[in-house]
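Undergrad: Before I ask anything, let me first share the structure, which is written out below as structure tokens.
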Protein chains: 2
Amino acid sequence: MVDRPALSKGEMAVARALWDVSPATVRQVHEKVEEHEAMSFVTVQTYLRRLEAKGHASSRLDGRVRIYSGRSRPGTVIRSTVNELVDRLFGGDSLPLVRHLIEERGIDESGLAELRQLIERLESEQSQTERKSS
Amino acid sequence: MVDRPALSKGEMAVARALWDVSPATVRQVHEKVEEHEAMSFVTVQTYLRRLEAKGHASSRLDGRVRIYSGRSRPGTVIRSTVNELVDRLFGGDSLPLVRHLIEERGIDESGLAELRQLIERLESEQSQTERKSS
DNA sequence: TTGCAACACGTACAAATGTAATTGTACGCT
DNA sequence: AGCGTACAATTACATTTGTACGTGTTGCAA
């Protein structure tokens with residue numbers, strides 16, 4: 001539950017790659033990162049080290065190769081990052097952001113359908129549970 | 001449409017305050033900022049200067065007091081910040097973020113109702129306009 | 001007219017971030 | 001045995017961010 005300091009841009013890119021391929025060697029992570037953007041191998045090395053220092057990854061030596069594994073799960077990191085953003089941009093109120101996302105960035109049909117169902121579910125839940133404060 | 005570099009945490013706090021009170025003196029902005037968090041007066045001054053350097057604010061001297069005004073509108077800054085976040089966290093797909101926001105952070109009844117209507121509107125629009133790819 | 005409170009403006013500086021180059025070392029090929 | 005290659009580990013360094021201090025100036029109160 002500790003809200004570790006949010007990951008920076010570069011750290012996040014590497015963390016995302018690591019989540020995808022973990023456990024993996026630096027090289028494998030590097031390859032994954034490069035599917036999206038150019039970044040030197042050693043830079044990835046650095047980020048992985050920093051991620052480990054911050055507790056978001058762990059590693060062990062397998063022979064002469066270091067194997068990194070994701071540690072904090074994506075959901076956790078994403079949650080705190082998003083929370084921070086919502087606080088910063090909207091003073092904690094997430095509705096404007098949701099509105100913005102739905103309006104400004106395309107969401108396809110199936111996405112919309114999913115969201116509608118999600119909202120309907122929440123609405124029925126809310127009408128049952130007599131809303132007890134915010 | 002230039003996607004200026006996203007504002008940092010501190011810059012964003014000051015920018016938000018400025019948007020609220022603009023045009024305003026440093027002192028007024030400072031007071032607004034302090035409604036949410038403690039920050040030294042001179043620090044606010046610095047941030048305002050940096051915001052101006054980045055083109056997010058403008059200022060003029062009124063007598064011996066400098067008056068700052070917001071320049072880029074909130075929507076613009078918010079858009080690029082959010083875009084960057086979505087790219088970083090979800091590789092550009094905004095649906096997961098929306099899902100996360102709706103599920104994890106409470107949205108009240110009226111908010112839900114608004115969202116449902118928004119989604120229904122988009123759904124009907126989409127079924128009319130034969131989707132012509134992104 | 002003198003000093004102070006209030007402010008602008010320049011300067012400072014450590015930590016975090018982005019991005020590597022270098023150096024050391026072991027593996028396997030020739 | 002010697003060499004290139006693939007890594008790990010160390011070190012580097014410019015930029016950005018967070019946070020502020022000090023210095024100079026000026027309108028105002030005494």
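Just so we're on the same page: first chain in the structure tokens is A, next is B, and so on; residues restart at 1 for each chain, and ligands are numbered from 1 in the order they show up.
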For segment 16-26 of chain B, please output as JSON, numbers by chain all residues within 8 Å (counting only C-alpha atoms (C1' of nucleotides); exclusion window: fewer than 2 positions along the same chain).

TA: {"A": [89], "B": [12, 13, 14, 28, 29, 30, 32, 33, 41, 44, 45, 48, 65, 66, 67, 68, 69, 70, 73, 74]}

Undergrad: Give me, as a PyMOL selection string, the contact residues of chain B against chain A at a cut-off of 7 Å, counting only C-alpha atoms.

TA: chain B and resi 12-13+78+88-89+94-95+98+101+107+109+111-112+116+119+123

Undergrad: Kindly provide the residues of chain C that approach segment 22-27 of chain D to within 12 Å, each paired with its closest atom pair and their distance in Å to one decimal, based on only C-alpha atoms (C1' of nucleotides), listed by chain and increasing number, as a Markdown table.

TA:
| residue | atom | partner | partner_atom | distance |
| --- | --- | --- | --- | --- |
| C:DC4 | C1' | D:DG27 | C1' | 10.7 |
| C:DA5 | C1' | D:DG27 | C1' | 9.7 |
| C:DA6 | C1' | D:DT26 | C1' | 9.0 |
| C:DC7 | C1' | D:DT25 | C1' | 8.7 |
| C:DA8 | C1' | D:DT25 | C1' | 8.5 |
| C:DC9 | C1' | D:DG24 | C1' | 8.8 |
| C:DG10 | C1' | D:DT23 | C1' | 8.7 |
| C:DT11 | C1' | D:DG22 | C1' | 8.4 |
| C:DA12 | C1' | D:DG22 | C1' | 10.0 |

Undergrad: Go ahead and save the picked residues with C-alpha atoms (C1' of nucleotides), as a short mmCIF file (atom, residue, chain, number, x, y, z; two decimals), in the first residue's frame.

TA:
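Output (out-v3.cif):
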data_model
loop_
_atom_site.label_atom_id
_atom_site.label_comp_id
_atom_site.auth_asym_id
_atom_site.auth_seq_id
_atom_site.Cartn_x
_atom_site.Cartn_y
_atom_site.Cartn_z
"C1'" DC C 4 10.78 48.94 6.80
"C1'" DA C 5 7.62 45.87 4.45
"C1'" DA C 6 6.70 44.04 0.03
"C1'" DC C 7 8.06 42.76 -4.06
"C1'" DA C 8 11.00 41.69 -8.47
"C1'" DC C 9 14.82 39.53 -10.14
"C1'" DG C 10 18.98 37.02 -10.39
"C1'" DT C 11 21.37 33.21 -8.52
"C1'" DA C 12 22.00 28.75 -6.22
#

Undergrad: Could you give me, as a PyMOL selection string, each residue of chain B that DSSP assigns to strand (DSSP E) when run on this structure's backbone?

TA: chain B and resi 24-25+57-62+65-70

Undergrad: Would you mind exporting C-alpha atoms of the selected residues as an mmCIF file, in the first residue's frame?

TA:
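The new file selection_19.cif reads:
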data_model
loop_
_atom_site.group_PDB
_atom_site.id
_atom_site.type_symbol
_atom_site.label_atom_id
_atom_site.label_comp_id
_atom_site.auth_asym_id
_atom_site.auth_seq_id
_atom_site.Cartn_x
_atom_site.Cartn_y
_atom_site.Cartn_z
ATOM 1 C CA ALA B 24 -3.236 37.812 -10.653
ATOM 2 C CA THR B 25 -0.178 38.809 -8.743
ATOM 3 C CA ALA B 57 1.714 32.150 -18.924
ATOM 4 C CA SER B 58 2.333 35.764 -19.740
ATOM 5 C CA SER B 59 2.957 38.691 -17.498
ATOM 6 C CA ARG B 60 3.176 42.432 -17.429
ATOM 7 C CA LEU B 61 4.318 44.935 -14.871
ATOM 8 C CA ASP B 62 1.521 46.940 -13.384
ATOM 9 C CA VAL B 65 3.774 44.519 -9.329
ATOM 10 C CA ARG B 66 3.933 41.797 -11.894
ATOM 11 C CA ILE B 67 0.635 40.447 -13.054
ATOM 12 C CA TYR B 68 0.529 36.960 -14.457
ATOM 13 C CA SER B 69 -2.101 35.595 -16.754
ATOM 14 C CA GLY B 70 -2.725 32.063 -17.859
#

Undergrad: Counting only C-alpha atoms (C1' of nucleotides), what are the residues of chain D within 12 Å of chain A, and for each of them which pair of atoms is the nearest and at what distance in Å, to one decimal? Sort the table by chain and rising number, as a tab-separated table.

TA:
residue	atom	partner	partner_atom	distance
D:DA6	C1'	A:Val65	CA	9.9
D:DC7	C1'	A:Val65	CA	7.0
D:DA8	C1'	A:Val65	CA	7.9
D:DA9	C1'	A:Gln45	CA	10.0
D:DT10	C1'	A:Thr46	CA	11.0
D:DT11	C1'	A:Thr46	CA	11.8

Undergrad: Export C-alpha atoms (C1' of nucleotides) of the chosen residues as a CSV table (one decimal), in the first residue's frame?

TA:
chain,number,residue,atom,x,y,z
D,6,DA,C1',28.2,-10.3,-25.1
D,7,DC,C1',27.3,-8.9,-20.9
D,8,DA,C1',27.6,-6.8,-16.1
D,9,DA,C1',29.0,-3.1,-13.4
D,10,DT,C1',30.8,1.4,-12.8
D,11,DT,C1',31.0,6.0,-13.8

Undergrad: So that I can check the surroundings of DA14 of chain C, please list as an NGL selection string every protein, DNA and RNA residue that reaches within 12 Å of it, counting only C-alpha atoms (C1' of nucleotides) and ignoring chain neighbours fewer than 5 positions away.

TA: :D and (17-20)

Undergrad: One number please: atom CA of Leu7 of chain A to atom CA of Leu51 of chain A, in Å, one decimal.

TA: 8.6 Å

Undergrad: Record the distance separating atom C1' of DG24 of chain C and atom C1' of DC3 of chain D, expressed in Å with one decimal.

TA: 15.8 Å

Undergrad: What are the DSSP alpha helix (DSSP H) residues of segment 27-125 of chain B, as a VMD selection string?

TA: chain B and resid 27 to 34 41 to 53 74 to 90 95 to 104 109 to 125

Undergrad: When you draw a straight line from atom CA of Thr43 of chain A to atom C1' of DA20 of chain C, how long is it in Å?

TA: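 Atom-to-atom, atom CA of Thr43 of chain A to atom C1' of DA20 of chain C, that is 6.5 Å.
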
Undergrad: Could you give me, as a Markdown table, a per-residue list for chain C showing, wherever an atom lies at most 9 Å from an atom of chain A, the closest pair of atoms and their distance in Å to one decimal, using only C-alpha atoms (C1' of nucleotides) and sorting by chain then residue number from low to high?

TA:
| residue | atom | partner | partner_atom | distance |
| --- | --- | --- | --- | --- |
| C:DT17 | C1' | A:Ser8 | CA | 7.6 |
| C:DG18 | C1' | A:Gly10 | CA | 7.5 |
| C:DT19 | C1' | A:Thr43 | CA | 6.4 |
| C:DA20 | C1' | A:Thr43 | CA | 6.5 |
| C:DA26 | C1' | A:Arg64 | CA | 8.0 |

Undergrad: Store the residues picked out above in a file with N, CA and C atoms (P, O5', C5', C4', C3', O3' and C1' of nucleotides), as an mmCIF file, in the first residue's frame.

TA:
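This went into again_11.cif:
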data_model
loop_
_atom_site.group_PDB
_atom_site.id
_atom_site.type_symbol
_atom_site.label_atom_id
_atom_site.label_comp_id
_atom_site.auth_asym_id
_atom_site.auth_seq_id
_atom_site.Cartn_x
_atom_site.Cartn_y
_atom_site.Cartn_z
ATOM 1 P P DT C 17 12.696 10.718 -10.661
ATOM 2 O "O5'" DT C 17 13.362 11.005 -12.075
ATOM 3 C "C5'" DT C 17 13.095 12.238 -12.690
ATOM 4 C "C4'" DT C 17 13.812 12.348 -14.007
ATOM 5 C "C3'" DT C 17 13.772 11.093 -14.886
ATOM 6 O "O3'" DT C 17 13.121 11.482 -16.078
ATOM 7 C "C1'" DT C 17 15.937 12.053 -14.831
ATOM 8 P P DG C 18 12.846 10.401 -17.218
ATOM 9 O "O5'" DG C 18 14.086 10.659 -18.169
ATOM 10 C "C5'" DG C 18 14.238 11.941 -18.742
ATOM 11 C "C4'" DG C 18 15.388 11.922 -19.743
ATOM 12 C "C3'" DG C 18 15.445 10.667 -20.617
ATOM 13 O "O3'" DG C 18 15.729 11.097 -21.943
ATOM 14 C "C1'" DG C 18 17.493 10.934 -19.466
ATOM 15 P P DT C 19 15.801 10.077 -23.096
ATOM 16 O "O5'" DT C 19 17.340 9.695 -23.095
ATOM 17 C "C5'" DT C 19 18.288 10.656 -23.508
ATOM 18 C "C4'" DT C 19 19.665 10.080 -23.296
ATOM 19 C "C3'" DT C 19 19.828 8.650 -23.848
ATOM 20 O "O3'" DT C 19 20.564 8.675 -25.050
ATOM 21 C "C1'" DT C 19 20.968 9.021 -21.787
ATOM 22 P P DA C 20 20.802 7.293 -25.792
ATOM 23 O "O5'" DA C 20 21.677 6.390 -24.808
ATOM 24 C "C5'" DA C 20 22.974 6.064 -25.182
ATOM 25 C "C4'" DA C 20 24.018 6.919 -24.459
ATOM 26 C "C3'" DA C 20 25.349 6.211 -24.525
ATOM 27 O "O3'" DA C 20 26.229 6.970 -25.312
ATOM 28 C "C1'" DA C 20 24.853 6.916 -22.277
ATOM 29 P P DA C 26 35.710 -13.509 -14.625
ATOM 30 O "O5'" DA C 26 34.973 -14.660 -15.438
ATOM 31 C "C5'" DA C 26 33.558 -14.582 -15.534
ATOM 32 C "C4'" DA C 26 33.158 -14.931 -16.939
ATOM 33 C "C3'" DA C 26 33.685 -16.281 -17.425
ATOM 34 O "O3'" DA C 26 32.550 -17.019 -17.791
ATOM 35 C "C1'" DA C 26 34.006 -14.613 -19.077
#
